[in-house]
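Structure file protein-v7.csv (CSV, N, CA and C atoms) is printed below.
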chain,number,residue,atom,x,y,z
A,877,ALA,N,114.7,-29.7,-46.9
A,877,ALA,CA,115.7,-30.4,-47.7
A,877,ALA,C,116.1,-29.5,-48.9
A,878,PRO,N,117.3,-29.5,-49.3
A,878,PRO,CA,117.7,-28.6,-50.4
A,878,PRO,C,117.0,-29.2,-51.7
A,879,THR,N,116.7,-28.3,-52.6
A,879,THR,CA,116.1,-28.8,-53.9
A,879,THR,C,117.2,-29.3,-54.8
A,880,PRO,N,116.9,-30.4,-55.5
A,880,PRO,CA,118.0,-31.0,-56.3
A,880,PRO,C,118.4,-30.0,-57.4
A,881,ALA,N,119.6,-30.0,-57.8
A,881,ALA,CA,120.1,-29.2,-58.9
A,881,ALA,C,119.4,-29.6,-60.2
A,882,PRO,N,119.1,-28.7,-61.1
A,882,PRO,CA,118.5,-29.1,-62.4
A,882,PRO,C,119.5,-29.9,-63.2
A,883,ALA,N,119.0,-30.8,-64.0
A,883,ALA,CA,120.0,-31.6,-64.8
A,883,ALA,C,120.7,-30.6,-65.8
A,884,PRO,N,122.0,-30.9,-66.1
A,884,PRO,CA,122.7,-30.0,-67.0
A,884,PRO,C,122.1,-30.1,-68.4
A,885,VAL,N,122.0,-29.0,-69.1
A,885,VAL,CA,121.6,-29.0,-70.4
A,885,VAL,C,122.8,-29.2,-71.3
A,886,THR,N,122.7,-30.3,-72.2
A,886,THR,CA,123.8,-30.5,-73.0
A,886,THR,C,123.7,-29.8,-74.3
A,887,ALA,N,124.7,-29.1,-74.7
A,887,ALA,CA,124.7,-28.3,-76.0
A,887,ALA,C,124.7,-29.3,-77.1
A,888,PRO,N,124.1,-28.9,-78.3
A,888,PRO,CA,124.2,-29.8,-79.4
A,888,PRO,C,125.6,-30.0,-79.9
A,889,VAL,N,125.9,-31.2,-80.4
A,889,VAL,CA,127.2,-31.5,-80.8
A,889,VAL,C,127.5,-30.7,-82.1
A,890,VAL,N,128.6,-29.9,-82.0
A,890,VAL,CA,128.9,-29.2,-83.2
A,890,VAL,C,129.7,-30.2,-84.1
A,891,ALA,N,129.6,-29.9,-85.4
A,891,ALA,CA,130.2,-30.9,-86.4
A,891,ALA,C,131.7,-31.0,-86.3
A,892,SER,N,132.2,-31.4,-85.1
A,892,SER,CA,133.6,-31.6,-84.9
A,892,SER,C,134.0,-33.0,-85.4
A,893,ALA,N,133.1,-33.9,-85.2
A,893,ALA,CA,133.4,-35.3,-85.7
A,893,ALA,C,133.2,-35.4,-87.2
A,894,PRO,N,134.0,-36.2,-87.8
A,894,PRO,CA,133.7,-36.4,-89.3
A,894,PRO,C,132.3,-36.8,-89.5
A,895,SER,N,131.7,-36.4,-90.6
A,895,SER,CA,130.3,-36.7,-90.9
A,895,SER,C,130.2,-38.2,-91.2
A,896,SER,N,131.3,-38.9,-91.5
A,896,SER,CA,131.2,-40.3,-91.8
A,896,SER,C,130.9,-41.1,-90.6
A,897,VAL,N,131.0,-40.5,-89.4
A,897,VAL,CA,130.7,-41.2,-88.1
A,897,VAL,C,129.2,-41.5,-88.1
A,898,THR,N,128.8,-42.7,-87.9
A,898,THR,CA,127.4,-43.0,-87.8
A,898,THR,C,127.0,-43.5,-86.4
A,899,HIS,N,125.8,-43.2,-86.0
A,899,HIS,CA,125.4,-43.7,-84.7
A,899,HIS,C,125.0,-45.2,-84.8
A,900,ASP,N,125.2,-45.9,-83.7
A,900,ASP,CA,124.8,-47.3,-83.7
A,900,ASP,C,123.7,-47.5,-82.6
A,901,ALA,N,123.3,-48.8,-82.5
A,901,ALA,CA,122.2,-49.1,-81.5
A,901,ALA,C,122.5,-48.6,-80.1
A,902,GLN,N,123.8,-48.6,-79.7
A,902,GLN,CA,124.1,-48.1,-78.4
A,902,GLN,C,123.8,-46.7,-78.2
A,903,TRP,N,124.0,-45.9,-79.2
A,903,TRP,CA,123.8,-44.4,-79.2
A,903,TRP,C,122.3,-44.2,-79.0
A,904,TYR,N,121.4,-45.0,-79.7
A,904,TYR,CA,120.0,-44.8,-79.5
A,904,TYR,C,119.5,-45.2,-78.1
A,905,ARG,N,120.2,-46.2,-77.6
A,905,ARG,CA,119.8,-46.7,-76.2
A,905,ARG,C,120.1,-45.6,-75.1
A,906,GLN,N,121.2,-44.8,-75.4
A,906,GLN,CA,121.6,-43.8,-74.4
A,906,GLN,C,120.9,-42.5,-74.5
A,907,ARG,N,120.1,-42.3,-75.5
A,907,ARG,CA,119.4,-41.0,-75.6
A,907,ARG,C,118.1,-41.0,-74.7
A,908,ALA,N,117.6,-39.8,-74.5
A,908,ALA,CA,116.4,-39.7,-73.7
A,908,ALA,C,115.2,-40.1,-74.6
A,909,GLY,N,114.3,-40.9,-74.1
A,909,GLY,CA,113.1,-41.3,-74.8
A,909,GLY,C,112.2,-40.2,-75.4
A,910,SER,N,112.4,-39.0,-74.8
A,910,SER,CA,111.5,-37.9,-75.2
A,910,SER,C,112.1,-37.2,-76.5
A,911,GLU,N,113.4,-37.6,-76.8
A,911,GLU,CA,114.0,-36.9,-78.0
A,911,GLU,C,113.5,-37.5,-79.3
A,912,TYR,N,113.8,-36.9,-80.4
A,912,TYR,CA,113.3,-37.3,-81.7
A,912,TYR,C,114.5,-37.4,-82.7
A,913,VAL,N,114.4,-38.3,-83.7
A,913,VAL,CA,115.2,-38.3,-84.8
A,913,VAL,C,114.3,-38.2,-86.0
A,914,VAL,N,114.9,-38.0,-87.2
A,914,VAL,CA,114.2,-38.0,-88.5
A,914,VAL,C,114.5,-39.4,-89.1
A,915,GLN,N,113.5,-40.1,-89.4
A,915,GLN,CA,113.6,-41.4,-90.1
A,915,GLN,C,113.7,-41.2,-91.6
A,916,LEU,N,114.8,-41.6,-92.2
A,916,LEU,CA,115.0,-41.4,-93.6
A,916,LEU,C,114.7,-42.6,-94.5
A,917,LEU,N,115.0,-43.8,-93.9
A,917,LEU,CA,115.0,-45.0,-94.7
A,917,LEU,C,114.7,-46.2,-93.8
A,918,GLY,N,113.9,-47.2,-94.3
A,918,GLY,CA,113.8,-48.5,-93.7
A,918,GLY,C,114.0,-49.5,-94.8
A,919,THR,N,114.8,-50.5,-94.5
A,919,THR,CA,115.2,-51.5,-95.5
A,919,THR,C,115.5,-52.9,-94.9
A,920,ARG,N,115.3,-54.0,-95.6
A,920,ARG,CA,115.6,-55.3,-95.1
A,920,ARG,C,117.1,-55.5,-95.1
A,921,SER,N,117.8,-54.7,-95.9
A,921,SER,CA,119.3,-55.0,-96.1
A,921,SER,C,120.2,-54.0,-95.3
A,922,GLU,N,121.0,-54.6,-94.5
A,922,GLU,CA,122.0,-53.8,-93.8
A,922,GLU,C,122.9,-53.1,-94.7
A,923,ALA,N,123.3,-53.8,-95.8
A,923,ALA,CA,124.2,-53.3,-96.8
A,923,ALA,C,123.6,-52.0,-97.5
A,924,ALA,N,122.2,-52.1,-97.7
A,924,ALA,CA,121.6,-51.0,-98.3
A,924,ALA,C,121.5,-49.8,-97.4
A,925,ALA,N,121.4,-50.0,-96.1
A,925,ALA,CA,121.4,-49.0,-95.1
A,925,ALA,C,122.8,-48.3,-95.1
A,926,ARG,N,123.8,-49.1,-95.1
A,926,ARG,CA,125.2,-48.6,-95.0
A,926,ARG,C,125.5,-47.8,-96.3
A,927,SER,N,125.0,-48.3,-97.4
A,927,SER,CA,125.2,-47.7,-98.7
A,927,SER,C,124.5,-46.3,-98.8
A,928,PHE,N,123.3,-46.3,-98.2
A,928,PHE,CA,122.5,-45.0,-98.2
A,928,PHE,C,123.3,-44.0,-97.4
A,929,ILE,N,123.8,-44.4,-96.2
A,929,ILE,CA,124.6,-43.5,-95.4
A,929,ILE,C,125.8,-43.0,-96.1
A,930,GLY,N,126.5,-43.9,-96.8
A,930,GLY,CA,127.7,-43.5,-97.6
A,930,GLY,C,127.4,-42.5,-98.6
A,931,LYS,N,126.3,-42.7,-99.3
A,931,LYS,CA,125.9,-41.8,-100.4
A,931,LYS,C,125.6,-40.4,-99.8
A,932,HIS,N,125.2,-40.3,-98.6
A,932,HIS,CA,124.8,-39.0,-98.0
A,932,HIS,C,125.8,-38.6,-96.9
A,933,ALA,N,127.0,-38.9,-97.1
A,933,ALA,CA,128.0,-38.7,-96.0
A,933,ALA,C,128.2,-37.2,-95.6
A,934,GLY,N,127.7,-36.3,-96.5
A,934,GLY,CA,127.8,-34.9,-96.2
A,934,GLY,C,126.7,-34.4,-95.2
A,935,VAL,N,125.7,-35.3,-94.9
A,935,VAL,CA,124.7,-35.0,-94.0
A,935,VAL,C,125.1,-35.3,-92.6
A,936,SER,N,125.0,-34.4,-91.6
A,936,SER,CA,125.5,-34.7,-90.3
A,936,SER,C,124.5,-35.6,-89.5
A,937,ASP,N,125.1,-36.3,-88.5
A,937,ASP,CA,124.3,-37.0,-87.6
A,937,ASP,C,123.4,-38.2,-88.1
A,938,LEU,N,124.0,-38.9,-89.1
A,938,LEU,CA,123.3,-40.1,-89.6
A,938,LEU,C,123.6,-41.3,-88.7
A,939,GLY,N,122.6,-42.2,-88.6
A,939,GLY,CA,122.8,-43.4,-87.9
A,939,GLY,C,121.8,-44.4,-88.4
A,940,TYR,N,122.1,-45.7,-87.9
A,940,TYR,CA,121.1,-46.7,-88.2
A,940,TYR,C,121.0,-47.7,-87.1
A,941,PHE,N,119.9,-48.4,-87.0
A,941,PHE,CA,119.7,-49.4,-86.1
A,941,PHE,C,119.0,-50.6,-86.7
A,942,GLU,N,119.0,-51.7,-86.0
A,942,GLU,CA,118.3,-52.9,-86.5
A,942,GLU,C,117.1,-53.1,-85.6
A,943,THR,N,116.0,-53.4,-86.2
A,943,THR,CA,114.8,-53.7,-85.4
A,943,THR,C,114.1,-54.9,-86.2
A,944,THR,N,112.9,-55.1,-85.9
A,944,THR,CA,112.1,-56.2,-86.6
A,944,THR,C,110.9,-55.6,-87.2
A,945,HIS,N,110.6,-55.9,-88.4
A,945,HIS,CA,109.4,-55.5,-89.1
A,945,HIS,C,108.7,-56.7,-89.7
A,946,GLN,N,107.5,-56.9,-89.4
A,946,GLN,CA,106.8,-58.1,-89.9
A,946,GLN,C,107.6,-59.4,-89.8
A,947,GLY,N,108.2,-59.5,-88.6
A,947,GLY,CA,108.9,-60.7,-88.3
A,947,GLY,C,110.3,-60.9,-88.8
A,948,ALA,N,110.8,-59.9,-89.6
A,948,ALA,CA,112.1,-60.1,-90.2
A,948,ALA,C,113.0,-58.9,-89.8
A,949,ALA,N,114.3,-59.0,-89.9
A,949,ALA,CA,115.2,-57.9,-89.6
A,949,ALA,C,114.9,-56.7,-90.5
A,950,TRP,N,115.0,-55.5,-89.9
A,950,TRP,CA,114.7,-54.3,-90.6
A,950,TRP,C,115.7,-53.2,-90.1
A,951,PHE,N,116.3,-52.6,-91.1
A,951,PHE,CA,117.3,-51.6,-90.8
A,951,PHE,C,116.8,-50.2,-91.1
A,952,VAL,N,116.9,-49.3,-90.1
A,952,VAL,CA,116.3,-48.0,-90.2
A,952,VAL,C,117.5,-46.9,-90.1
A,953,VAL,N,117.5,-46.0,-91.1
A,953,VAL,CA,118.5,-44.9,-91.1
A,953,VAL,C,117.8,-43.7,-90.6
A,954,THR,N,118.5,-43.0,-89.7
A,954,THR,CA,117.9,-41.7,-89.1
A,954,THR,C,119.0,-40.6,-89.2
A,955,GLN,N,118.4,-39.4,-89.0
A,955,GLN,CA,119.3,-38.2,-89.0
A,955,GLN,C,119.0,-37.4,-87.8
A,956,GLY,N,120.0,-36.8,-87.2
A,956,GLY,CA,119.8,-35.8,-86.2
A,956,GLY,C,119.4,-36.3,-84.8
A,957,ILE,N,119.3,-35.4,-83.9
A,957,ILE,CA,118.7,-35.6,-82.6
A,957,ILE,C,118.1,-34.3,-82.2
A,958,TYR,N,116.8,-34.4,-81.9
A,958,TYR,CA,116.0,-33.1,-81.7
A,958,TYR,C,115.3,-33.2,-80.4
A,959,PRO,N,115.0,-32.1,-79.7
A,959,PRO,CA,114.4,-32.1,-78.4
A,959,PRO,C,112.9,-32.4,-78.5
A,960,SER,N,112.3,-32.2,-79.7
A,960,SER,CA,110.8,-32.3,-79.8
A,960,SER,C,110.5,-32.7,-81.2
A,961,ARG,N,109.2,-33.2,-81.4
A,961,ARG,CA,108.7,-33.5,-82.7
A,961,ARG,C,108.7,-32.3,-83.6
A,962,GLN,N,108.4,-31.1,-83.0
A,962,GLN,CA,108.4,-29.9,-83.8
A,962,GLN,C,109.8,-29.5,-84.3
A,963,ALA,N,110.8,-29.7,-83.5
A,963,ALA,CA,112.2,-29.5,-83.8
A,963,ALA,C,112.6,-30.4,-84.9
A,964,ALA,N,112.2,-31.7,-84.8
A,964,ALA,CA,112.5,-32.6,-85.9
A,964,ALA,C,111.9,-32.3,-87.2
A,965,GLN,N,110.6,-31.8,-87.2
A,965,GLN,CA,110.0,-31.3,-88.4
A,965,GLN,C,110.8,-30.2,-89.0
A,966,ALA,N,111.2,-29.3,-88.2
A,966,ALA,CA,112.0,-28.1,-88.7
A,966,ALA,C,113.3,-28.7,-89.3
A,967,GLY,N,113.9,-29.7,-88.7
A,967,GLY,CA,115.1,-30.3,-89.2
A,967,GLY,C,114.9,-30.9,-90.6
A,968,ILE,N,113.8,-31.5,-90.8
A,968,ILE,CA,113.5,-32.0,-92.1
A,968,ILE,C,113.6,-31.0,-93.2
A,969,ALA,N,113.1,-29.8,-92.9
A,969,ALA,CA,113.2,-28.7,-93.9
A,969,ALA,C,114.6,-28.3,-94.2
A,970,GLU,N,115.6,-28.6,-93.3
A,970,GLU,CA,117.0,-28.3,-93.6
A,970,GLU,C,117.7,-29.3,-94.4
A,971,LEU,N,117.1,-30.5,-94.6
A,971,LEU,CA,117.8,-31.6,-95.3
A,971,LEU,C,117.9,-31.3,-96.8
A,972,PRO,N,118.9,-31.9,-97.4
A,972,PRO,CA,119.0,-31.8,-98.9
A,972,PRO,C,117.7,-32.2,-99.5
A,973,ALA,N,117.4,-31.6,-100.7
A,973,ALA,CA,116.1,-31.9,-101.3
A,973,ALA,C,115.9,-33.4,-101.6
A,974,VAL,N,117.0,-34.1,-102.0
A,974,VAL,CA,116.9,-35.5,-102.3
A,974,VAL,C,116.4,-36.3,-101.1
A,975,LEU,N,116.8,-35.9,-99.9
A,975,LEU,CA,116.3,-36.6,-98.7
A,975,LEU,C,114.9,-36.1,-98.3
A,976,ARG,N,114.6,-34.9,-98.5
A,976,ARG,CA,113.2,-34.4,-98.3
A,976,ARG,C,112.2,-35.1,-99.2
A,977,ASP,N,112.6,-35.3,-100.4
A,977,ASP,CA,111.7,-36.0,-101.4
A,977,ASP,C,111.3,-37.4,-101.0
A,978,SER,N,112.1,-38.0,-100.1
A,978,SER,CA,111.8,-39.4,-99.7
A,978,SER,C,110.8,-39.4,-98.6
A,979,LYS,N,110.2,-38.3,-98.2
A,979,LYS,CA,109.2,-38.1,-97.2
A,979,LYS,C,109.6,-38.6,-95.8
A,980,PRO,N,110.8,-38.1,-95.3
A,980,PRO,CA,111.2,-38.5,-94.0
A,980,PRO,C,110.2,-38.0,-92.9
A,981,TRP,N,110.2,-38.6,-91.7
A,981,TRP,CA,109.3,-38.2,-90.7
A,981,TRP,C,109.9,-38.3,-89.3
A,982,PRO,N,109.5,-37.5,-88.4
A,982,PRO,CA,110.0,-37.5,-87.0
A,982,PRO,C,109.6,-38.9,-86.3
A,983,ARG,N,110.6,-39.4,-85.5
A,983,ARG,CA,110.3,-40.6,-84.8
A,983,ARG,C,110.9,-40.5,-83.4
A,984,SER,N,110.2,-40.8,-82.4
A,984,SER,CA,110.7,-40.6,-81.0
A,984,SER,C,111.7,-41.7,-80.7
A,985,ILE,N,112.7,-41.3,-79.9
A,985,ILE,CA,113.7,-42.2,-79.4
A,985,ILE,C,113.0,-43.3,-78.6
A,986,GLY,N,112.0,-42.9,-77.8
A,986,GLY,CA,111.3,-43.9,-77.0
A,986,GLY,C,110.7,-45.0,-77.8
A,987,ASP,N,110.2,-44.7,-78.9
A,987,ASP,CA,109.6,-45.7,-79.9
A,987,ASP,C,110.7,-46.6,-80.4
A,988,ILE,N,111.8,-46.0,-80.8
A,988,ILE,CA,113.0,-46.7,-81.3
A,988,ILE,C,113.5,-47.7,-80.2
A,989,GLN,N,113.7,-47.2,-79.0
A,989,GLN,CA,114.3,-48.0,-77.9
A,989,GLN,C,113.4,-49.2,-77.7
A,990,GLY,N,112.1,-49.1,-77.9
A,990,GLY,CA,111.2,-50.2,-77.6
A,990,GLY,C,111.4,-51.3,-78.7
A,991,GLY,N,112.0,-51.0,-79.8
A,991,GLY,CA,112.1,-52.0,-80.9
A,991,GLY,C,113.5,-52.4,-81.2
A,992,LEU,N,114.5,-51.9,-80.5
A,992,LEU,CA,115.9,-52.2,-80.8
A,992,LEU,C,116.1,-53.7,-80.6
A,993,ARG,N,116.9,-54.3,-81.5
A,993,ARG,CA,117.3,-55.7,-81.4
A,993,ARG,C,118.7,-55.7,-80.7
Show how you would write the structure in this file as structure tokens.
Amino acid sequence: APTPAPAPVTAPVVASAPSSVTHDAQWYRQRAGSEYVVQLLGTRSEAAARSFIGKHAGVSDLGYFETTHQGAAWFVVTQGIYPSRQAAQAGIAELPAVLRDSKPWPRSIGDIQGGLR
């Protein structure tokens, strides 16, 4: 039998979309579980998550999703999409200092998908 063709490798999205475009829960659902994002913020307030994104509109690939933390709604803001934890760590180094100072960390898409509301 012929060997199946390898899956196409998708190139990273170049900043053609305005940076104000944010990812939503559907975007996280469609990603591969093995990929990573950088978690920047967790908050009980959706308005605070949106405000945070607005304040950092110059940063590419921001998004947020709703999950549950300690039994209540929790909104998490993330940046980027990376093929590995190491790549996400490297991405943190490229963030503006004000975001690096908040101690962001890599988070797997698989982990996020398990908690999406």
task = Name all residues at most 6 Å from segment 941-949 of chain A (count all atoms listed in the file; drop same-chain ones fewer than 3 positions away) and give them as a list in words.
result =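 What passes the distance filter is Asp900, Ala901, Thr919, Arg920, Val952, Val953, Gly991, Leu992 and Arg993 of chain A.
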ask   = Looking at A:Glu970, A:Tyr904, A:Trp981, A:Arg961, which one is nearest to Tyr940 of chain A, with distances taken over only C-alpha atoms?
value =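 Comparing A:Glu970, A:Tyr904, A:Trp981, A:Arg961 against Tyr940 of chain A, the winner is A:Tyr904.
You can rank A:Pro980, A:Asp937, A:Ser960, A:Asp987 by their closest distance to Gln915 of chain A using all atoms listed in the file, and at the top of that list sits A:Pro980.
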request  = Would you mind listing what lies within 6 Å of Gly986 of chain A as a list in words, with all atoms listed in the file counted and same-chain residues fewer than 2 positions away left out?
outcome  = Ala908, Gly909, Ser910, Glu911, Ser984, Ile988, Gln989 and Gly990 of chain A
inquiry  = Give me, as a PyMOL selection string, the residues of chain A that a backbone DSSP run labels strand (DSSP E).
reply    = chain A and resi 912-919+938-945+948-958+981-984
Expected file: the selected residues, N, CA and C atoms, as a compact mmCIF listing (two decimals), keeping the file's coordinate frame:
# COMPACT_ATOMS: atom_id res chain seq x y z
N TYR A 912 113.80 -36.90 -80.40
CA TYR A 912 113.30 -37.30 -81.70
C TYR A 912 114.50 -37.40 -82.70
N VAL A 913 114.40 -38.30 -83.70
CA VAL A 913 115.20 -38.30 -84.80
C VAL A 913 114.30 -38.20 -86.00
N VAL A 914 114.90 -38.00 -87.20
CA VAL A 914 114.20 -38.00 -88.50
C VAL A 914 114.50 -39.40 -89.10
N GLN A 915 113.50 -40.10 -89.40
CA GLN A 915 113.60 -41.40 -90.10
C GLN A 915 113.70 -41.20 -91.60
N LEU A 916 114.80 -41.60 -92.20
CA LEU A 916 115.00 -41.40 -93.60
C LEU A 916 114.70 -42.60 -94.50
N LEU A 917 115.00 -43.80 -93.90
CA LEU A 917 115.00 -45.00 -94.70
C LEU A 917 114.70 -46.20 -93.80
N GLY A 918 113.90 -47.20 -94.30
CA GLY A 918 113.80 -48.50 -93.70
C GLY A 918 114.00 -49.50 -94.80
N THR A 919 114.80 -50.50 -94.50
CA THR A 919 115.20 -51.50 -95.50
C THR A 919 115.50 -52.90 -94.90
N LEU A 938 124.00 -38.90 -89.10
CA LEU A 938 123.30 -40.10 -89.60
C LEU A 938 123.60 -41.30 -88.70
N GLY A 939 122.60 -42.20 -88.60
CA GLY A 939 122.80 -43.40 -87.90
C GLY A 939 121.80 -44.40 -88.40
N TYR A 940 122.10 -45.70 -87.90
CA TYR A 940 121.10 -46.70 -88.20
C TYR A 940 121.00 -47.70 -87.10
N PHE A 941 119.90 -48.40 -87.00
CA PHE A 941 119.70 -49.40 -86.10
C PHE A 941 119.00 -50.60 -86.70
N GLU A 942 119.00 -51.70 -86.00
CA GLU A 942 118.30 -52.90 -86.50
C GLU A 942 117.10 -53.10 -85.60
N THR A 943 116.00 -53.40 -86.20
CA THR A 943 114.80 -53.70 -85.40
C THR A 943 114.10 -54.90 -86.20
N THR A 944 112.90 -55.10 -85.90
CA THR A 944 112.10 -56.20 -86.60
C THR A 944 110.90 -55.60 -87.20
N HIS A 945 110.60 -55.90 -88.40
CA HIS A 945 109.40 -55.50 -89.10
C HIS A 945 108.70 -56.70 -89.70
N ALA A 948 110.80 -59.90 -89.60
CA ALA A 948 112.10 -60.10 -90.20
C ALA A 948 113.00 -58.90 -89.80
N ALA A 949 114.30 -59.00 -89.90
CA ALA A 949 115.20 -57.90 -89.60
C ALA A 949 114.90 -56.70 -90.50
N TRP A 950 115.00 -55.50 -89.90
CA TRP A 950 114.70 -54.30 -90.60
C TRP A 950 115.70 -53.20 -90.10
N PHE A 951 116.30 -52.60 -91.10
CA PHE A 951 117.30 -51.60 -90.80
C PHE A 951 116.80 -50.20 -91.10
N VAL A 952 116.90 -49.30 -90.10
CA VAL A 952 116.30 -48.00 -90.20
C VAL A 952 117.50 -46.90 -90.10
N VAL A 953 117.50 -46.00 -91.10
CA VAL A 953 118.50 -44.90 -91.10
C VAL A 953 117.80 -43.70 -90.60
N THR A 954 118.50 -43.00 -89.70
CA THR A 954 117.90 -41.70 -89.10
C THR A 954 119.00 -40.60 -89.20
N GLN A 955 118.40 -39.40 -89.00
CA GLN A 955 119.30 -38.20 -89.00
C GLN A 955 119.00 -37.40 -87.80
N GLY A 956 120.00 -36.80 -87.20
CA GLY A 956 119.80 -35.80 -86.20
C GLY A 956 119.40 -36.30 -84.80
N ILE A 957 119.30 -35.40 -83.90
CA ILE A 957 118.70 -35.60 -82.60
C ILE A 957 118.10 -34.30 -82.20
N TYR A 958 116.80 -34.40 -81.90
CA TYR A 958 116.00 -33.10 -81.70
C TYR A 958 115.30 -33.20 -80.40
N TRP A 981 110.20 -38.60 -91.70
CA TRP A 981 109.30 -38.20 -90.70
C TRP A 981 109.90 -38.30 -89.30
N PRO A 982 109.50 -37.50 -88.40
CA PRO A 982 110.00 -37.50 -87.00
C PRO A 982 109.60 -38.90 -86.30
N ARG A 983 110.60 -39.40 -85.50
CA ARG A 983 110.30 -40.60 -84.80
C ARG A 983 110.90 -40.50 -83.40
N SER A 984 110.20 -40.80 -82.40
CA SER A 984 110.70 -40.60 -81.00
C SER A 984 111.70 -41.70 -80.70
query = So what do you get for atom N of Tyr912 of chain A versus atom CA of Gly939 of chain A, distance-wise?
reply = 13.4 Å
query = Could you state the separation of atom CA of Gln902 of chain A and atom CA of Arg976 of chain A in Å, given to one decimal place?
reply = 26.5 Å
task = Mind the document's chain letters and residue numbers, and return as a PyMOL selection string the residues of chain A that DSSP labels alpha helix (DSSP H).
result = chain A and resi 901-906+922-931+961-970+973-976+985-991
Selected residue of minimal separation from Leu971 of chain A among A:His932, A:Arg983, A:Arg907, A:Arg926, counting only C-alpha atoms =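 Closest residue, counting only C-alpha atoms: A:His932.
Straight-line separation from atom CA of Val914 of chain A to atom CA of Gln965 of chain A: 7.9 Å.
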